[in-house]
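This is upload-v8.cif. It holds mmCIF, C-alpha atoms and all ligand atoms.
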data_start
#
loop_
_atom_site.label_atom_id
_atom_site.label_comp_id
_atom_site.auth_asym_id
_atom_site.auth_seq_id
_atom_site.Cartn_x
_atom_site.Cartn_y
_atom_site.Cartn_z
CA MET A 1 51.37 39.21 75.07
CA LYS A 2 49.10 39.66 72.07
CA ARG A 3 48.72 43.11 70.54
CA LEU A 4 45.23 43.93 71.83
CA VAL A 5 43.64 47.31 71.23
CA GLY A 6 40.81 49.08 73.08
CA ILE A 7 38.84 51.80 71.28
CA ASP A 8 36.62 54.43 72.87
CA LEU A 9 34.29 55.70 70.12
CA GLY A 10 32.61 59.02 70.98
CA GLY A 11 30.46 61.45 69.03
CA THR A 12 33.45 63.75 68.42
CA SER A 13 36.60 61.66 68.88
CA ILE A 14 38.01 58.14 68.56
CA ARG A 15 40.72 57.04 71.01
CA ALA A 16 42.69 53.79 70.69
CA ALA A 17 45.27 52.27 73.05
CA VAL A 18 47.28 49.05 73.31
CA ALA A 19 46.76 46.82 76.37
CA THR A 20 49.66 46.15 78.75
CA GLY A 21 47.67 44.25 81.40
CA PRO A 22 44.13 43.38 82.56
CA ALA A 23 43.15 47.06 82.85
CA SER A 24 46.12 49.13 81.69
CA TYR A 25 47.42 50.52 78.43
CA ASP A 26 50.68 51.88 77.05
CA GLN A 27 50.67 55.70 77.26
CA GLU A 28 53.18 55.83 74.38
CA ARG A 29 51.08 53.63 72.09
CA ARG A 30 47.88 55.56 71.63
CA ALA A 31 46.19 56.97 68.54
CA HIS A 32 43.41 59.47 67.98
CA ARG A 33 41.05 60.41 65.14
CA ASP A 34 38.21 62.91 64.89
CA THR A 35 34.93 61.00 64.50
CA PRO A 36 33.48 61.49 60.98
CA ALA A 37 30.07 61.40 62.71
CA THR A 38 27.98 62.48 59.70
CA ASP A 39 29.71 60.23 57.11
CA GLY A 40 28.01 56.94 58.06
CA PRO A 41 29.09 53.75 59.86
CA GLU A 42 31.69 52.53 57.33
CA ALA A 43 33.60 55.83 57.48
CA VAL A 44 33.50 55.88 61.29
CA LEU A 45 34.62 52.25 61.63
CA GLY A 46 37.29 52.84 58.96
CA ALA A 47 38.71 55.66 61.11
CA CYS A 48 38.54 53.31 64.15
CA ALA A 49 40.52 50.66 62.22
CA GLU A 50 43.15 53.25 61.23
CA ALA A 51 43.54 54.38 64.85
CA ALA A 52 43.83 50.77 66.07
CA ILE A 53 46.47 49.86 63.45
CA GLU A 54 48.44 53.03 64.22
CA ALA A 55 48.36 52.37 67.98
CA ALA A 56 49.40 48.72 67.55
CA GLY A 57 52.06 49.51 64.92
CA GLY A 58 50.47 46.97 62.54
CA ALA A 59 47.47 44.68 62.43
CA PRO A 60 46.23 44.08 66.01
CA ASP A 61 45.47 40.56 67.32
CA GLY A 62 42.10 41.70 68.66
CA ILE A 63 40.04 44.86 69.23
CA ALA A 64 37.33 45.72 71.76
CA ILE A 65 35.34 48.88 71.07
CA GLY A 66 32.90 50.86 73.22
CA ILE A 67 30.06 52.34 71.14
CA PRO A 68 27.62 55.03 72.38
CA GLY A 69 24.24 53.35 71.86
CA PRO A 70 22.16 50.24 72.50
CA LEU A 71 23.68 47.15 70.90
CA ASP A 72 23.99 43.36 71.18
CA PRO A 73 27.55 42.33 72.08
CA ARG A 74 26.83 38.72 71.02
CA SER A 75 25.53 39.35 67.48
CA GLY A 76 27.74 42.44 67.03
CA ILE A 77 24.80 44.58 65.86
CA VAL A 78 24.36 48.21 66.95
CA PHE A 79 20.65 49.03 67.20
CA ALA A 80 21.10 52.83 67.32
CA ALA A 81 23.71 55.47 68.11
CA PRO A 82 22.01 58.86 68.57
CA HIS A 83 25.24 60.90 68.14
CA LEU A 84 26.28 59.16 64.89
CA LYS A 85 24.38 59.62 61.62
CA GLY A 86 22.99 56.51 59.90
CA TRP A 87 23.63 54.02 62.71
CA GLU A 88 20.51 51.86 62.75
CA GLY A 89 20.95 48.07 62.72
CA VAL A 90 24.67 48.35 61.88
CA PRO A 91 26.74 45.10 61.88
CA ALA A 92 29.59 46.98 63.56
CA GLN A 93 31.55 43.93 64.66
CA ARG A 94 31.72 42.50 61.11
CA LEU A 95 32.48 45.88 59.49
CA LEU A 96 35.34 46.61 61.91
CA GLU A 97 36.73 43.06 61.53
CA GLN A 98 36.85 43.62 57.75
CA ALA A 99 38.45 47.07 58.09
CA ALA A 100 41.06 46.10 60.72
CA GLY A 101 41.72 42.47 59.70
CA CYS A 102 41.35 41.00 63.20
CA PRO A 103 38.66 39.70 65.59
CA VAL A 104 36.50 42.40 67.20
CA ALA A 105 34.26 42.57 70.28
CA ILE A 106 31.75 45.41 70.52
CA HIS A 107 30.08 46.66 73.69
CA ASN A 108 28.13 49.66 74.92
CA ASP A 109 30.44 52.48 76.08
CA SER A 110 28.82 52.91 79.53
CA ASN A 111 28.98 49.13 80.07
CA LEU A 112 32.71 49.20 79.37
CA ALA A 113 33.29 52.24 81.62
CA GLY A 114 31.55 50.25 84.37
CA TYR A 115 33.63 47.18 83.54
CA ALA A 116 36.77 49.31 84.04
CA GLU A 117 35.47 50.49 87.42
CA TRP A 118 34.82 46.87 88.36
CA VAL A 119 38.27 45.60 87.31
CA ALA A 120 40.38 48.55 88.45
CA GLY A 121 38.25 51.17 90.23
CA THR A 122 35.55 51.48 92.89
CA GLY A 123 34.12 48.01 92.15
CA GLN A 124 37.42 46.16 92.44
CA GLY A 125 37.10 42.93 94.44
CA THR A 126 33.29 42.80 94.32
CA ARG A 127 31.10 40.05 92.78
CA ASN A 128 28.03 42.23 92.29
CA PHE A 129 28.48 45.82 91.23
CA ILE A 130 26.39 48.61 89.73
CA PHE A 131 27.88 51.56 87.87
CA VAL A 132 25.89 54.71 87.11
CA ILE A 133 27.28 57.39 84.80
CA ALA A 134 25.54 60.72 84.28
CA GLY A 135 26.07 63.52 81.82
CA THR A 136 23.45 64.69 79.34
CA GLY A 137 21.74 61.34 80.02
CA ILE A 138 22.32 58.57 82.55
CA GLY A 139 23.80 55.18 81.61
CA GLY A 140 25.41 52.41 83.54
CA ALA A 141 26.65 48.86 83.87
CA LEU A 142 25.75 45.80 85.92
CA VAL A 143 28.19 43.14 87.07
CA VAL A 144 26.16 40.17 88.33
CA ASP A 145 27.96 37.31 90.06
CA GLY A 146 31.29 38.27 88.51
CA GLU A 147 30.14 38.82 84.92
CA LEU A 148 29.23 41.94 82.96
CA TYR A 149 25.48 41.47 82.47
CA SER A 150 23.88 42.22 79.06
CA GLY A 151 20.42 40.66 79.28
CA ALA A 152 18.34 38.94 76.59
CA ALA A 153 18.70 41.60 73.89
CA GLY A 154 22.20 42.70 74.89
CA THR A 155 20.93 46.10 76.02
CA ALA A 156 20.58 45.63 79.82
CA ALA A 157 21.93 47.96 82.53
CA GLU A 158 20.00 51.06 81.42
CA VAL A 159 19.89 52.17 85.04
CA GLY A 160 19.11 55.77 84.01
CA HIS A 161 15.60 54.66 83.09
CA THR A 162 14.86 53.05 86.45
CA PRO A 163 11.52 54.37 87.73
CA CYS A 164 11.83 56.63 90.76
CA GLY A 165 8.32 58.10 90.92
CA LEU A 166 4.93 57.83 89.24
CA ASP A 167 5.34 61.18 87.56
CA GLY A 168 8.10 63.66 86.84
CA PRO A 169 9.86 65.53 84.07
CA VAL A 170 10.31 63.81 80.68
CA CYS A 171 13.73 62.16 80.11
CA GLY A 172 15.70 62.03 76.83
CA GLN A 173 13.64 58.98 75.76
CA GLY A 174 10.29 60.62 76.51
CA HIS A 175 9.60 58.65 79.73
CA ARG A 176 7.98 60.26 82.75
CA GLY A 177 9.09 59.40 86.26
CA CYS A 178 12.46 57.79 85.46
CA LEU A 179 15.80 58.63 87.07
CA GLU A 180 17.25 60.40 84.01
CA GLY A 181 14.38 62.93 84.00
CA MET A 182 15.29 64.00 87.56
CA ALA A 183 19.03 63.56 88.00
CA SER A 184 20.95 63.86 84.70
CA GLY A 185 22.96 67.02 84.04
CA SER A 186 20.32 68.15 81.52
CA ALA A 187 17.51 67.45 84.00
CA ILE A 188 19.12 69.58 86.73
CA ALA A 189 19.59 72.52 84.33
CA ASN A 190 16.12 72.13 82.75
CA ARG A 191 14.25 71.82 86.06
CA THR A 192 15.97 75.02 87.25
CA LYS A 193 14.97 76.89 84.06
CA VAL A 194 11.34 75.68 84.34
CA ALA A 195 11.12 76.73 88.00
CA ILE A 196 12.52 80.20 87.24
CA ALA A 197 10.15 80.61 84.27
CA SER A 198 7.23 79.80 86.57
CA GLY A 199 8.27 82.68 88.85
CA GLU A 200 10.26 80.99 91.64
CA PRO A 201 12.74 83.35 93.28
CA SER A 202 16.41 82.50 92.69
CA SER A 203 19.80 84.20 92.36
CA LEU A 204 19.86 82.61 88.87
CA ARG A 205 16.89 84.64 87.55
CA ASP A 206 19.09 86.93 85.44
CA ARG A 207 21.11 84.13 83.84
CA GLY A 208 18.38 83.60 81.20
CA GLY A 209 19.04 80.51 79.07
CA ASP A 210 22.65 80.37 80.26
CA ILE A 211 22.05 77.83 83.05
CA THR A 212 24.18 74.68 83.26
CA THR A 213 24.52 72.00 85.94
CA ALA A 214 27.78 73.62 87.07
CA ILE A 215 26.07 77.01 87.46
CA VAL A 216 23.19 75.49 89.45
CA ALA A 217 25.75 73.68 91.63
CA GLU A 218 27.62 76.95 92.28
CA ALA A 219 24.35 78.63 93.30
CA ALA A 220 23.44 75.71 95.59
CA ARG A 221 26.81 75.93 97.35
CA ALA A 222 26.26 79.69 97.78
CA GLY A 223 22.92 78.98 99.51
CA ASP A 224 20.37 79.60 96.73
CA ASP A 225 17.16 77.88 97.91
CA LEU A 226 15.91 76.82 94.47
CA ALA A 227 19.28 75.37 93.43
CA ARG A 228 19.57 73.55 96.76
CA ARG A 229 16.11 72.04 96.29
CA ILE A 230 16.86 70.91 92.71
CA PHE A 231 19.99 69.07 93.93
CA ALA A 232 18.15 67.66 96.95
CA ASP A 233 15.47 66.28 94.57
CA ALA A 234 18.10 64.82 92.21
CA GLY A 235 19.96 63.20 95.12
CA ARG A 236 16.71 61.79 96.53
CA ALA A 237 15.74 60.39 93.10
CA LEU A 238 19.15 58.71 92.85
CA GLY A 239 18.79 57.32 96.38
CA ARG A 240 15.31 55.91 95.72
CA ALA A 241 16.42 54.37 92.41
CA PHE A 242 19.47 52.88 94.15
CA GLY A 243 17.22 51.55 96.93
CA GLY A 244 15.18 49.65 94.34
CA LEU A 245 18.32 48.37 92.58
CA ILE A 246 19.77 47.25 95.93
CA ASN A 247 16.58 45.25 96.63
CA VAL A 248 16.73 43.55 93.19
CA PHE A 249 20.47 42.91 92.79
CA GLY A 250 21.92 43.05 96.31
CA PRO A 251 25.18 44.64 95.08
CA ASP A 252 28.40 44.96 97.10
CA ALA A 253 28.90 48.47 95.73
CA ILE A 254 27.37 51.16 93.54
CA ALA A 255 29.71 53.70 91.93
CA ILE A 256 28.54 57.01 90.49
CA GLY A 257 30.61 58.42 87.64
CA GLY A 258 30.56 61.06 84.92
CA GLY A 259 29.45 64.60 85.73
CA LEU A 260 27.79 63.39 88.97
CA VAL A 261 31.22 63.15 90.56
CA ASN A 262 31.69 66.93 90.28
CA THR A 263 28.57 67.56 92.39
CA ALA A 264 28.96 64.62 94.79
CA ASP A 265 29.15 67.08 97.72
CA LEU A 266 25.57 68.19 96.94
CA LEU A 267 24.11 64.84 95.84
CA MET A 268 25.56 62.33 98.30
CA PRO A 269 23.83 63.49 101.53
CA PRO A 270 20.26 63.38 100.11
CA LEU A 271 21.16 60.28 98.06
CA LYS A 272 22.35 58.29 101.07
CA ALA A 273 19.39 59.47 103.17
CA ALA A 274 16.89 58.31 100.50
CA ILE A 275 18.27 54.79 99.93
CA GLY A 276 16.49 53.63 103.08
CA GLU A 277 13.13 54.92 101.81
CA LEU A 278 12.94 51.75 99.69
CA ALA A 279 15.91 49.48 100.40
CA PHE A 280 15.79 46.62 102.88
CA ALA A 281 18.16 47.52 105.71
CA VAL A 282 20.40 44.44 105.57
CA ALA A 283 20.90 44.71 101.79
CA ALA A 284 21.65 48.45 102.10
CA GLN A 285 24.20 47.80 104.87
CA HIS A 286 26.11 45.46 102.55
CA CYS A 287 26.31 48.03 99.73
CA ARG A 288 28.90 50.80 99.54
CA VAL A 289 27.87 53.85 97.50
CA GLU A 290 30.90 55.84 96.36
CA PRO A 291 32.12 58.10 93.55
CA ALA A 292 33.78 56.27 90.64
CA ALA A 293 37.58 56.18 90.72
CA LEU A 294 38.76 56.33 87.10
CA GLY A 295 37.29 59.61 85.77
CA PRO A 296 36.85 60.33 82.06
CA ASP A 297 39.46 57.67 81.16
CA ALA A 298 37.14 54.83 82.27
CA GLY A 299 35.73 54.27 78.75
CA LEU A 300 39.15 53.65 77.19
CA VAL A 301 40.40 51.58 80.16
CA GLY A 302 37.22 49.50 79.89
CA ALA A 303 37.67 48.87 76.16
CA VAL A 304 41.28 47.77 76.76
CA ALA A 305 40.19 45.55 79.67
CA TRP A 306 37.40 44.00 77.57
CA ALA A 307 39.88 43.24 74.76
CA VAL A 308 42.07 41.38 77.28
CA ARG A 309 39.03 39.53 78.68
CA ARG A 310 37.64 38.54 75.27
CA PHE A 311 40.92 37.63 73.52
CA PRO A 312 43.06 35.88 76.16
CA ASP A 313 46.44 34.39 75.31
ZN ZN A 401 13.81 57.47 80.86
#

What does this structure look like when you write it as structure tokens?
Amino acid sequence: MKRLVGIDLGGTSIRAAVATGPASYDQERRAHRDTPATDGPEAVLGACAEAAIEAAGGAPDGIAIGIPGPLDPRSGIVFAAPHLKGWEGVPAQRLLEQAAGCPVAIHNDSNLAGYAEWVAGTGQGTRNFIFVIAGTGIGGALVVDGELYSGAAGTAAEVGHTPCGLDGPVCGQGHRGCLEGMASGSAIANRTKVAIASGEPSSLRDRGGDITTAIVAEAARAGDDLARRIFADAGRALGRAFGGLINVFGPDAIAIGGGLVNTADLLMPPLKAAIGELAFAVAAQHCRVEPAALGPDAGLVGAVAWAVRRFPD
């Protein structure tokens, strides 16, 4: 087998691993670097090349890398990467090919995490699959008829910015009424803070600015009415967005990953109840909605799997 390397590039760390199969890597052959996030694209991709060469024990035969921002996997250009300084219109594929001395495939990090879930996780065995990953924001991936779908500009599958209402809190991109503004980790914490500031009673009143999704979840489980309502709203927003996606794509399965998995007990009941508000019944019956299976490792597994897919023997 060729020496193929997957790289998960994050805002704080770079992880590289050598493929051993369609969606597996060698635990003994991994390398790590801190991301020089403020030093510009050439420094970051230089560190990625170093990690790949160290993991492979020499020049790799091919690299796939997941990058946190909108990009075009065909042209190899990254349009933006909000957590990395100076990444606008960066020819990342060409720069990494020069630094590592081998062919490179770039893709969005959430797309690759979803690809991993499709090959080896909750989406295994499906032809049509939607992956939704939530943390500070909400990203995702679409597999349409057995292929990872990128759309005309390469930036498709931004399921976090699916409309779920005419109005609502502003998301990280400044939209009103999209899923991310209601159901991301930041949205759950922010909506709680706004409600408390407007005088709503809650056991969280004395927490001040120290309110996170995990703290709101704890309060909801303990019976706090405000926290329960915030999670019910987030779950309903997810369910309505999924209902619309089910009508458009008719997927076999939708997997929810990232921080959402930790609060699945609170989100899943209102989520599943709300799918039917918009989805056609037959399409909804054909679609499983389940937590993602691979956890925080999905990004690296996906990069490895994409390297195997793009650079076959
Ligand atoms: Zn949005």

Surrounding residues of Pro270 in chain A excluding itself and chain neighbours under 5 positions, 8 Å, all atoms listed in the file, as an NGL selection string
:A and (232-233 or 235-236 or 239)

Report as a ChimeraX atom specification which protein, DNA and RNA residues come within 7 Å of ligand ZN 401 (chain A), using all atoms listed in the file.
/A:160-161,171-176,178-181

Applying 6 Å and all atoms listed in the file, which residues near Thr136 in chain A remain after dropping the ones on its own chain fewer than 5 positions away? List them as a PDB file with C-alpha atoms, in the coordinates of the input.
ATOM      1  CA  SER A 184      20.950  63.860  84.700  1.00  0.00           C
ATOM      2  CA  GLY A 185      22.960  67.020  84.040  1.00  0.00           C
ATOM      3  CA  SER A 186      20.320  68.150  81.520  1.00  0.00           C
TER       4      SER A 186
END

May I ask which of the residues A:Ala152, A:Leu166, A:Ile67, A:Ala234 is the closest one to Ala113 in chain A, counting only C-alpha atoms?
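Looking at the shortest contact to Ala113 in chain A, the residue is A:Ile67.
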
To one decimal place in Å, what is the distance between CA of Ala141 in chain A and CA of Tyr115 in chain A?
7.2 Å

Select from range 106-135 of chain A every residue with an atom at most 7 Å from any atom of range 18-31 of chain A, then for each give the shortest pair of atoms and their distance in Å to one decimal, using all atoms listed in the file, rows by chain and rising number, as JSON lines.
{"residue": "A:Ala116", "atom": "CA", "partner": "A:Ala23", "partner_atom": "CA", "distance": 6.9}
{"residue": "A:Val119", "atom": "CA", "partner": "A:Ala23", "partner_atom": "CA", "distance": 6.8}
{"residue": "A:Ala120", "atom": "CA", "partner": "A:Ala23", "partner_atom": "CA", "distance": 6.4}

Check the smallest atom-to-atom distance from each of A:Val194, A:Ala303, A:Leu267, A:Val143 to Pro251 in chain A using all atoms listed in the file, then report the winner.
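Ranked by minimum distance to Pro251 in chain A, first place goes to A:Val143.
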